[in-house]
Structures are given as C-alpha cells and as structure tokens.
Amino acid sequence: MTGHSAQWKLFKFLKVLLFSFIFSITVLFLVATVRTFTFDADAGLQLGKWENTTAISLHLSPQQRKNLLANFKAAIQIPTVSFTETNVSTSALREFDGLLRKVFPKIFSSSLVQHEMVGNYSHLFTVPGSDPDLEPYMLLAHIDVVPADEADGWDAPPFSAQEINGFIYGRGTIDNKQSVMGILQALEYLLERGYTPRRTFYIGLGHDEEVNGLHGAVNIVKLLKSRGVKLQYVLDEGLAVLDGVISGLDGPAALIGISEKGQATVKLSVSTPPGHSSMPPRESGIGILASAVKRLEENPMPRLFGYGPERGTFEHLAHKFGLPLRFIMSNLWLFSPLLSRVLERKPVTNAFVRTTTAVTMFNSGVKINIIPSYAEAFVNFRIHSAQTLQEVLELVESTVSDERVKVELVNGFDPLPISSYDEQAFGFQIIKKTVQGMFPQLTVAPGICVGNTDSRHYKDITQDIYRFAPSWFKPGDPQRFHGVNERISIKNYEEIVLFYFQLIQNNDIRKLPPPHSGQHEL
Ligand SMILES: CCCCCCCC/C=C\CCCCCCCC(=O)NCC(=O)O
Ligand SMILES: [Zn+2]
Ligand SMILES: [Zn+2]
C-alpha cells in the first residue's frame with residue numbers, strides 16, 4: 001500500500017466519522033427541540049354532525065349466511081380467466097352472467113334497477129335516486145381473473161372455492177370477485193328491504209380488467225359519456241386493510257388508494273442470423289438479450305420515495321408508529337433518503353419507492369441444435385407518481401444502450417392524477433366514515449395503488465377515483481394477488497357485503513357536515 005492511498009483512506013474514514021457525528025447531533029437537536037408533526041387522521045369530521053342515512057340494518061339468519069356464502073363460492077368456481085386482450089374465457093363469462101341472474105333475482109327483476117350488457121360480457125347497472133340534484137357515484141369491480149395453475153403449489157384447486165380453516169380458497173377471492181359479489185349481494189339485500197336511494201348510483205362490472213379493460217370499462221365509460229354522466233366519485237378495487245403488513249405500525253390501517261402508478265410494457269428483441277449449433281457465434285441473440293435484461297435489473301429506476309402520494313400515507317400513519325419510527329415518519333423532509341433504503345429491501349415496500357422493473361416474458365429458440373434467429377423479452381414497469389412514461393422510456397434506452405437490441409413500447413400510460421382526500425372530499429369521507437363505522441379500531445389513510453385498475457378509464461367523467469375494499473391483509477397476503485393460495489376468510493367476505501350495504505346508504509347524505517362543526521358542542 002502506498003503512503004498516498006493510506007492517507008486517502010484515513011481522510012475518507014474521518015469524513016464518515018464527521019458526517020455521522022453531525023448527523024447524530026442534528027437528530028438529537030431535532031428530538032429535543034422540534035415538535036413532532038403528525039396528522040390527526042380523525043380530525044374535523046369525526047366530531048361533525050352527520051345526517052343519518054343508514055336507516056336499514058342488516059341482520060342475517062344462519063340460512064341467509066349459508067346462501068350468501070354459496071353464491072360467493074359459485075362465483076369463484078367459474079373460471080373467468082383473461083389470458084390476453086383477445087383471449088378471454090367467453091363461455092365462462094356467459095356462465096357468470098347466468099349465475100348473477102339466478103342468485104340476485106331482485107336486482108334483475110326490479111323496476112328500479114336498469115341493467116345493460118356492455119362489450120358483450122360487462123355489466124352496467126343504473127339505480128336512479130329520488131333527488132336528481134345529487135351528483136351520482138359509481139362502484140366498480142371486475143369479473144375476470146388471472147390464470148392459476150394448481151401445480152404452482154395451491155393447497156386447494158384454484159377454482160374449487162374449497163373451505164380450509166374458515167377461508168375460501170380460489171382465484172378471484174381477493175381479486176376481485178369479493179367486490180363483484182359483495183356489491184350485488186348488498187344491493188339485493190337493500191332491495192329486499194324496500195330501499196330506494198336518494199342519490200343515483202351506477203355499478204360497473206368489467207369482464208377484461210386483467211387485460212387492460214379495453215372492451216369492458218372503456219365501453220362503459222363511452223356509454224356514460226354519451227349520456228352526459230358526470231360522477232361525484234368512483235370506488236374501485238385496489239388497497240385494503242393492512243394488519244401487520246407495515247412493520248412497526250401499531251394496529252391495522254385502512255389505506256384508501258387516491259392514485260395509482262402508471263405503467264409501461266416494453267418489448268426488447270434481438271435478431272441474429274440463424275445457423276447450426278455446432279458453429280455458434282461468440283455471442284448469441286439470447287445472450288445479447290439476457291445481458292440487456294440483466295442491465296435493467298441491475299440498474300433499478302431512481303428512488304423517488306417522498307415525492308409522490310406515498311409521503312401522505314406515512315405522514316398520516318406516523319402517530320401509529322412507536323419511536324424512533326414515529327419521529328422518522330413525521331420528518332420525511334429529512335429522513336426520506338434513509339427510509340427509502342429500508343423500504344426498498346422488500347418487494348411490497350419497494351413498490352412505493354420507485355418505478356419497478358419486472359421481466360415477465362422471455363421467448364426464443366425452437367430446437368436444441370438451431371441457433372435462433374430471434375429472441376424477445378417483455379419488461380413491465382410500474383411508474384412512480386413522480387415520474388412520467390417518457391422519462392421511464394428514456395432511462396430504459398440509456399440502460400440497454402446496445403444498438404443490437406430493439407426497444408419498443410407495447411403500451412403504457414402516465415401515473416393517475418391524485419384524488420382529493422381532505423375534509424371536503426365527499427367520496428373519501430363517505431368511504432372513511434363507512435370503514436370507521438364498521439371498524440372503529442382502524443386508522444384510515446390515503447394510499448397509492450401499485451397495481452392498475454379499470455377505474456383509470458373513468459378519469460374524464462370524474463375528478464375523484466378511490467381504490468379500496470375492506471379485505472383484511474395480514475403479512476404474506478399481498479403475495480397472494482396473482483400468486484398461489486389466493487383466499488379470503490368467510491368472516492371477511494361477510495364484512496365486505498356489510499361494507500357495501502352501509503356505503504350505499506351513507507352516500508344518500510346530501511352533503512358533508514362542515515369541518516369542525518361539532519367541536520364546540522359540549
Ligand atoms: C405503505 C406500505 C405497505 C403497503 C402494502 C401494500 C399492500 C398491497 C395490497 C394489495 C396489492 C395491490 C393490488 C392492487 C390491485 C391490482 C389489480 C390488478 O391486478 N390489476 C392488473 C394489473 O395491475 O396488472
Ligand atoms: Zn383486480
Ligand atoms: Zn389482478
């Protein structure tokens with residue numbers, strides 16, 4: 001070792017020491033002097049005077065609960081799988097339509113409810129309210145599911161709806177037939193009890209959400225637009241109740257999605273001359289493509305934690321963390337870079353830190369002794385709210401940086417706008433009130449939906465889109481989305497039905513109470 005490099009190492013060591021010292025002093029100073037800033041998640045409306053609208057309560061006999069469960073199981077047992085935009089399970093979708101008509105006779109025979117098929121297999125229900133001055137709202141869910149293979153390690157066949165220890169197993173139990181059946185079951189019960197809404201609402205059930213919703217949601221929106229419909233808000237699938245999923249958070253939290261990430265699907269391809277495998281070139285097309293893919297994986301997109309709505313999530317939840325996390329979450333202006341490095345270690349939380357990179361398909365070769373002429377890979381990016389589709393494409397090009405690799409955008413869109421979630425945000429507050437009415441122990445916070453939903457097609461006819469259902473997720477449950485052993489507890493499915501039953505009635509409020517209106521009442 002030369003004297004020069006030893007000096008340099010000592011200098012670097014002293015620099016780190018000095019930085020750590022300054023950092024510790026700053027933290028101590030802040031702890032001692034700065035009043036920790038936290039949102040009071042329940043401020044304002046909690047004390048406000050709410051107009052009472054939930055006049056009808058839901059009491060179910062053991063037989064009714066059995067029927068409710070049987071209806072849900074029947075829905076799971078129909079394999080309404082979407083494979084590609086042009087390959088959906090049409091006969092299963094027809095069978096599903098038959099099931100809905102059979103198990104929800106009130107809805108389909110009611111003179112109040114208008115039912116239309118859209119794009120052949122999607123459903124649009126219109127339930128007119130008695131007061132035309134109130135702006136309508138819309139509930140969304142989707143009928144289709146992603147494929148599932150029992151051989152991947154399912155504890156029960158994915159379309160069996162088998163009951164194991166109080167859970168129903170099956171593809172679609174949390175994505176998203178619990179909402180499809182939950183919404184309609186709630187409406188069926190309300191109609192049976194003579195309910196008529198004050199505020200008009202729509203229910204949209206897409207049949208191709210898992211393959212972009214181009215025939216279902218897109219056509220429903222076209223139809224509503226042609227009728228001049230504007231919506232107060234839309235509620236779709238997305239976030240959920242997280243119970244133990246966020247490390248360090250004291251108690252469960254309901255995250256209501258106020259935005260969703262953007263998306264880009266990029267195709268990388270390499271064309272090379274084919275030939276005999278006994279005389280291979282130094283680099284094959286597969287090798288060139290594999291290196292490009294590896295470069296994308298090894299160079300993740302930049303950390304952007306704190307620059308999007310995820311910041312609001314952590315600030316709202318800060319008061320539910322113990323120290324030192326509470327302090328860190330309450331001072332993200334200082335700690336975002338540090339927190340990013342912790343969150344990026346796990347896939348579920350990494351999704352909140354950056355645009356994610358997922359290599360989902362890789363195809364090449366036809367025979368073991370032929371050098372293939374073509375290799376292709378598909379990479380799916382989920383774009384952080386603080387980035388644009390264009391910026392992601394530029395980064396992909398510069399990371400691949402090999403003219404032999406063709407880079408094409410298959411499809412993509414920017415992150416969705418941020419819906420309002422303040423005290424005067426009608427949809428957010430109605431959802432929050434309904435959640436807290438059922439689960440007073442929950443903290444409610446705005447969140448960002450890392451997956452995409454049909455609701456993104458509705459952005460021209462509403463300002464406010466929310467993504468939430470009260471599905472309870474414990475550690476390991478988020479991985480069941482599109483994974484193995486997707487399941488829901490019977491208790492939770494019943495809660496979902498009750499949630500929509502209450503939500504529909506809560507929407508009949510004419511307007512929200514003024515903020516802080518109840519604070520002086522003693
Ligand atoms: C705040 C940090 C921890 C948050 C943990 C989040 C838990 C995530 C819960 C649910 C997963 C999100 C799924 C969203 C719905 C996706 C719908 C879908 O599959 N759409 C198709 C697609 O995105 O390709
Ligand atoms: Zn879904
Ligand atoms: Zn899905």
# chains A, B, ... in the order shown; residues from 1 in each chain; ligands from 1

call {"tool": "residues_around", "arguments": {"residues": "Thr84 (chain A)", "least_positions_apart": "4", "cutoff": "9 Å", "atoms": "only C-alpha atoms", "output": "list of chain:residue names"}}
result
A:Val88, A:Asp208, A:Glu210, A:Val211

call {"tool": "select_by_dssp", "arguments": {"residues": "region 30-182 of chain A", "states": "strand (DSSP E or B)", "output": "list in words"}}
result
Val81, Ser82, Phe83, Thr84, Asn87, Val88, Gln114, His115, Glu116, Met117, Val118, Ser122, His123, Leu124, Phe125, Thr126, Val127, Tyr137, Met138, Leu139, Leu140, Ala141, His142, Val145, Glu163, Ile164, Phe167, Ile168 and Tyr169 of chain A

call {"tool": "closest_atom_pairs", "arguments": {"of": "region 280-365 of chain A", "to": "region 400-417 of chain A", "cutoff": "8 Å", "atoms": "only C-alpha atoms", "output": "CSV"}}
result
residue,atom,partner,partner_atom,distance
A:Ile288,CA,A:Val405,CA,7.6
A:Leu289,CA,A:Val405,CA,6.8
A:Ala292,CA,A:Val400,CA,5.3
A:Val293,CA,A:Val400,CA,7.7
A:Arg295,CA,A:Val400,CA,6.6
A:Leu296,CA,A:Val400,CA,6.9

call {"tool": "write_last_selection", "arguments": {"atoms": "N, CA, C and O atoms", "output": "short mmCIF file (atom, residue, chain, number, x, y, z; two decimals), in the first residue's frame"}}
result
data_model
loop_
_atom_site.label_atom_id
_atom_site.label_comp_id
_atom_site.auth_asym_id
_atom_site.auth_seq_id
_atom_site.Cartn_x
_atom_site.Cartn_y
_atom_site.Cartn_z
N ILE A 288 -27.22 -11.80 -25.93
CA ILE A 288 -27.28 -10.32 -26.03
C ILE A 288 -28.50 -9.80 -25.28
O ILE A 288 -28.45 -8.84 -24.50
N LEU A 289 -29.63 -10.49 -25.51
CA LEU A 289 -30.88 -10.06 -24.87
C LEU A 289 -30.80 -10.24 -23.35
O LEU A 289 -31.22 -9.36 -22.59
N ALA A 292 -28.97 -7.47 -21.76
CA ALA A 292 -29.76 -6.22 -21.71
C ALA A 292 -30.75 -6.28 -20.55
O ALA A 292 -30.91 -5.31 -19.79
N VAL A 293 -31.40 -7.43 -20.42
CA VAL A 293 -32.38 -7.61 -19.35
C VAL A 293 -31.69 -7.50 -17.99
O VAL A 293 -32.18 -6.86 -17.06
N ARG A 295 -29.00 -5.85 -17.30
CA ARG A 295 -28.65 -4.45 -17.03
C ARG A 295 -29.84 -3.69 -16.45
O ARG A 295 -29.70 -2.89 -15.53
N LEU A 296 -31.04 -4.01 -16.99
CA LEU A 296 -32.23 -3.32 -16.46
C LEU A 296 -32.48 -3.72 -15.01
O LEU A 296 -32.86 -2.90 -14.18
#

call {"tool": "residues_around", "arguments": {"residues": "His457 (chain A)", "least_positions_apart": "4", "cutoff": "12 Å", "atoms": "only C-alpha atoms", "output": "PyMOL selection string"}}
result
chain A and resi 140+204+206+209+212-222+224-225+234+236+260+413+416-417+452-453+461-463+465

call {"tool": "residues_near_ligand", "arguments": {"ligand": "ligand 1", "cutoff": "7 Å", "atoms": "only C-alpha atoms and all ligand atoms", "output": "list in words"}}
result
Asp175, Glu209, Glu210, Glu237, Gly238, Leu239, Ala240, Leu242, Val245, Ile246, Thr313, Val348, Thr349, Phe352, Cys449, Val450, Gly451, Asn452, Thr453, Pro478, Phe481 and His482 of chain A

call {"tool": "residues_around", "arguments": {"residues": "Gly365 (chain A)", "least_positions_apart": "3", "cutoff": "10 Å", "atoms": "only C-alpha atoms", "output": "list in words"}}
result
Gly285, Ile286, Ile368, Asn369, Ile370, Ile371, Pro372, Ser373, Tyr374 and Ala375 of chain A

call {"tool": "residues_around", "arguments": {"residues": "region 144-152 of chain A", "least_positions_apart": "4", "cutoff": "8 Å", "atoms": "only C-alpha atoms", "output": "number ranges by chain"}}
result
A: 79-83, 93, 156-158, 171-172, 175-176, 206-210, 482-484

call {"tool": "select_by_dssp", "arguments": {"residues": "region 245-352 of chain A", "states": "helix (DSSP H, G or I)", "output": "VMD selection string"}}
result
chain A and resid 285 to 298 310 to 320 325 to 330 332 to 343 347 to 350

call {"tool": "closest_residue", "arguments": {"among": "A:Gln441, A:Asn350, A:Ser277, A:Thr173", "to": "ligand 3", "atoms": "only C-alpha atoms and all ligand atoms"}}
result
A:Thr173

call {"tool": "atom_distance", "arguments": {"atom1": "CA of Arg382 (chain A)", "atom2": "CA of Leu332 (chain A)"}}
result
23.1 Å

call {"tool": "closest_residue", "arguments": {"among": "A:Ser247, A:Asn299, A:Thr90, A:Gln178", "to": "ligand 2", "atoms": "only C-alpha atoms and all ligand atoms"}}
result
A:Gln178

call {"tool": "atom_distance", "arguments": {"atom1": "CA of Pro300 (chain A)", "atom2": "CA of Asp477 (chain A)"}}
result
25.1 Å

call {"tool": "closest_residue", "arguments": {"among": "A:Arg101, A:Ile174, A:Met361, A:Leu255", "to": "ligand 2", "atoms": "only C-alpha atoms and all ligand atoms"}}
result
A:Ile174

call {"tool": "closest_residue", "arguments": {"among": "A:Asp454, A:Leu134, A:Ser109, A:Val396", "to": "ligand 3", "atoms": "only C-alpha atoms and all ligand atoms"}}
result
A:Asp454

call {"tool": "residues_around", "arguments": {"residues": "Val180 (chain A)", "least_positions_apart": "2", "cutoff": "9 Å", "atoms": "only C-alpha atoms", "output": "list in words"}}
result
Leu140, Ala141, His142, Ile143, Asn176, Lys177, Gln178, Gly182, Ile183, Leu184, Gln185 and Leu205 of chain A

call {"tool": "write_last_selection", "arguments": {"atoms": "all heavy atoms", "output": "JSON list (two decimals), in the first residue's frame"}}
result
[["chain", "number", "residue", "atom", "x", "y", "z"],
["A", 140, "LEU", "N", -67.22, 0.08, -8.80],
["A", 140, "LEU", "CA", -66.66, -0.78, -9.85],
["A", 140, "LEU", "C", -66.06, -2.05, -9.26],
["A", 140, "LEU", "O", -65.60, -2.06, -8.11],
["A", 140, "LEU", "CB", -65.52, -0.06, -10.58],
["A", 140, "LEU", "CG", -65.80, 1.27, -11.27],
["A", 140, "LEU", "CD1", -64.53, 1.74, -11.98],
["A", 140, "LEU", "CD2", -66.93, 1.13, -12.26],
["A", 141, "ALA", "N", -66.04, -3.09, -10.06],
["A", 141, "ALA", "CA", -65.34, -4.33, -9.71],
["A", 141, "ALA", "C", -65.15, -5.09, -11.02],
["A", 141, "ALA", "O", -65.73, -4.70, -12.05],
["A", 141, "ALA", "CB", -66.16, -5.15, -8.72],
["A", 142, "HIS", "N", -64.34, -6.14, -10.99],
["A", 142, "HIS", "CA", -64.19, -6.90, -12.24],
["A", 142, "HIS", "C", -64.40, -8.39, -12.05],
["A", 142, "HIS", "O", -64.05, -8.96, -11.01],
["A", 142, "HIS", "CB", -62.87, -6.59, -12.95],
["A", 142, "HIS", "CG", -61.64, -7.04, -12.22],
["A", 142, "HIS", "ND1", -61.10, -8.30, -12.38],
["A", 142, "HIS", "CD2", -60.84, -6.39, -11.34],
["A", 142, "HIS", "CE1", -60.01, -8.39, -11.64],
["A", 142, "HIS", "NE2", -59.83, -7.26, -10.97],
["A", 143, "ILE", "N", -64.96, -8.97, -13.10],
["A", 143, "ILE", "CA", -65.38, -10.38, -13.09],
["A", 143, "ILE", "C", -64.23, -11.30, -13.47],
["A", 143, "ILE", "O", -64.16, -12.45, -13.04],
["A", 143, "ILE", "CB", -66.53, -10.56, -14.11],
["A", 143, "ILE", "CG1", -67.75, -9.77, -13.67],
["A", 143, "ILE", "CG2", -66.87, -12.02, -14.34],
["A", 143, "ILE", "CD1", -68.80, -9.62, -14.77],
["A", 176, "ASN", "N", -61.21, -10.27, -8.16],
["A", 176, "ASN", "CA", -61.86, -9.24, -7.40],
["A", 176, "ASN", "C", -63.34, -9.60, -7.23],
["A", 176, "ASN", "O", -64.21, -8.77, -7.11],
["A", 176, "ASN", "CB", -61.64, -7.92, -8.17],
["A", 176, "ASN", "CG", -62.33, -6.73, -7.64],
["A", 176, "ASN", "OD1", -63.16, -6.16, -8.33],
["A", 176, "ASN", "ND2", -62.05, -6.35, -6.42],
["A", 177, "LYS", "N", -63.56, -10.97, -7.16],
["A", 177, "LYS", "CA", -64.97, -11.40, -7.09],
["A", 177, "LYS", "C", -65.59, -11.13, -5.73],
["A", 177, "LYS", "O", -66.82, -11.14, -5.59],
["A", 177, "LYS", "CB", -65.07, -12.88, -7.47],
["A", 177, "LYS", "CG", -64.88, -13.11, -8.98],
["A", 177, "LYS", "CD", -64.92, -14.57, -9.36],
["A", 177, "LYS", "CE", -64.83, -14.74, -10.87],
["A", 177, "LYS", "NZ", -64.57, -16.14, -11.27],
["A", 178, "GLN", "N", -64.74, -10.85, -4.72],
["A", 178, "GLN", "CA", -65.31, -10.48, -3.42],
["A", 178, "GLN", "C", -66.07, -9.16, -3.55],
["A", 178, "GLN", "O", -67.09, -8.96, -2.88],
["A", 178, "GLN", "CB", -64.22, -10.42, -2.33],
["A", 178, "GLN", "CG", -63.45, -9.12, -2.16],
["A", 178, "GLN", "CD", -62.40, -8.86, -3.24],
["A", 178, "GLN", "OE1", -62.44, -9.41, -4.34],
["A", 178, "GLN", "NE2", -61.45, -7.98, -2.96],
["A", 182, "GLY", "N", -69.93, -8.95, -3.51],
["A", 182, "GLY", "CA", -70.24, -8.14, -2.32],
["A", 182, "GLY", "C", -71.17, -6.98, -2.66],
["A", 182, "GLY", "O", -72.14, -6.72, -1.95],
["A", 183, "ILE", "N", -70.87, -6.29, -3.78],
["A", 183, "ILE", "CA", -71.69, -5.13, -4.17],
["A", 183, "ILE", "C", -73.11, -5.60, -4.52],
["A", 183, "ILE", "O", -74.11, -5.04, -4.04],
["A", 183, "ILE", "CB", -71.07, -4.40, -5.39],
["A", 183, "ILE", "CG1", -69.73, -3.76, -5.02],
["A", 183, "ILE", "CG2", -72.03, -3.37, -5.96],
["A", 183, "ILE", "CD1", -68.91, -3.27, -6.22],
["A", 184, "LEU", "N", -73.19, -6.66, -5.35],
["A", 184, "LEU", "CA", -74.52, -7.09, -5.80],
["A", 184, "LEU", "C", -75.32, -7.72, -4.65],
["A", 184, "LEU", "O", -76.53, -7.53, -4.54],
["A", 184, "LEU", "CB", -74.41, -8.06, -6.98],
["A", 184, "LEU", "CG", -73.86, -7.44, -8.27],
["A", 184, "LEU", "CD1", -73.91, -8.45, -9.41],
["A", 184, "LEU", "CD2", -74.63, -6.18, -8.69],
["A", 185, "GLN", "N", -74.61, -8.46, -3.79],
["A", 185, "GLN", "CA", -75.31, -9.07, -2.64],
["A", 185, "GLN", "C", -75.89, -7.96, -1.74],
["A", 185, "GLN", "O", -77.03, -8.05, -1.27],
["A", 185, "GLN", "CB", -74.34, -9.95, -1.84],
["A", 185, "GLN", "CG", -74.97, -10.80, -0.76],
["A", 185, "GLN", "CD", -75.85, -11.91, -1.31],
["A", 185, "GLN", "OE1", -75.36, -12.87, -1.88],
["A", 185, "GLN", "NE2", -77.15, -11.77, -1.14],
["A", 205, "LEU", "N", -69.33, -3.63, -13.80],
["A", 205, "LEU", "CA", -68.55, -4.86, -13.59],
["A", 205, "LEU", "C", -67.84, -5.21, -14.89],
["A", 205, "LEU", "O", -68.48, -5.68, -15.85],
["A", 205, "LEU", "CB", -69.48, -6.01, -13.16],
["A", 205, "LEU", "CG", -70.40, -5.74, -11.96],
["A", 205, "LEU", "CD1", -71.30, -6.94, -11.68],
["A", 205, "LEU", "CD2", -69.56, -5.40, -10.71]]

call {"tool": "closest_residue", "arguments": {"among": "A:Lys433, A:Lys66, A:Glu486, A:Thr196", "to": "ligand 3", "atoms": "only C-alpha atoms and all ligand atoms"}}
result
A:Glu486

call {"tool": "residues_around", "arguments": {"residues": "Ser385 (chain A)", "least_positions_apart": "3", "cutoff": "12 Å", "atoms": "only C-alpha atoms", "output": "PyMOL selection string"}}
result
chain A and resi 258-263+303-311+351-356+382+388-389+391-392+413-418+447-450
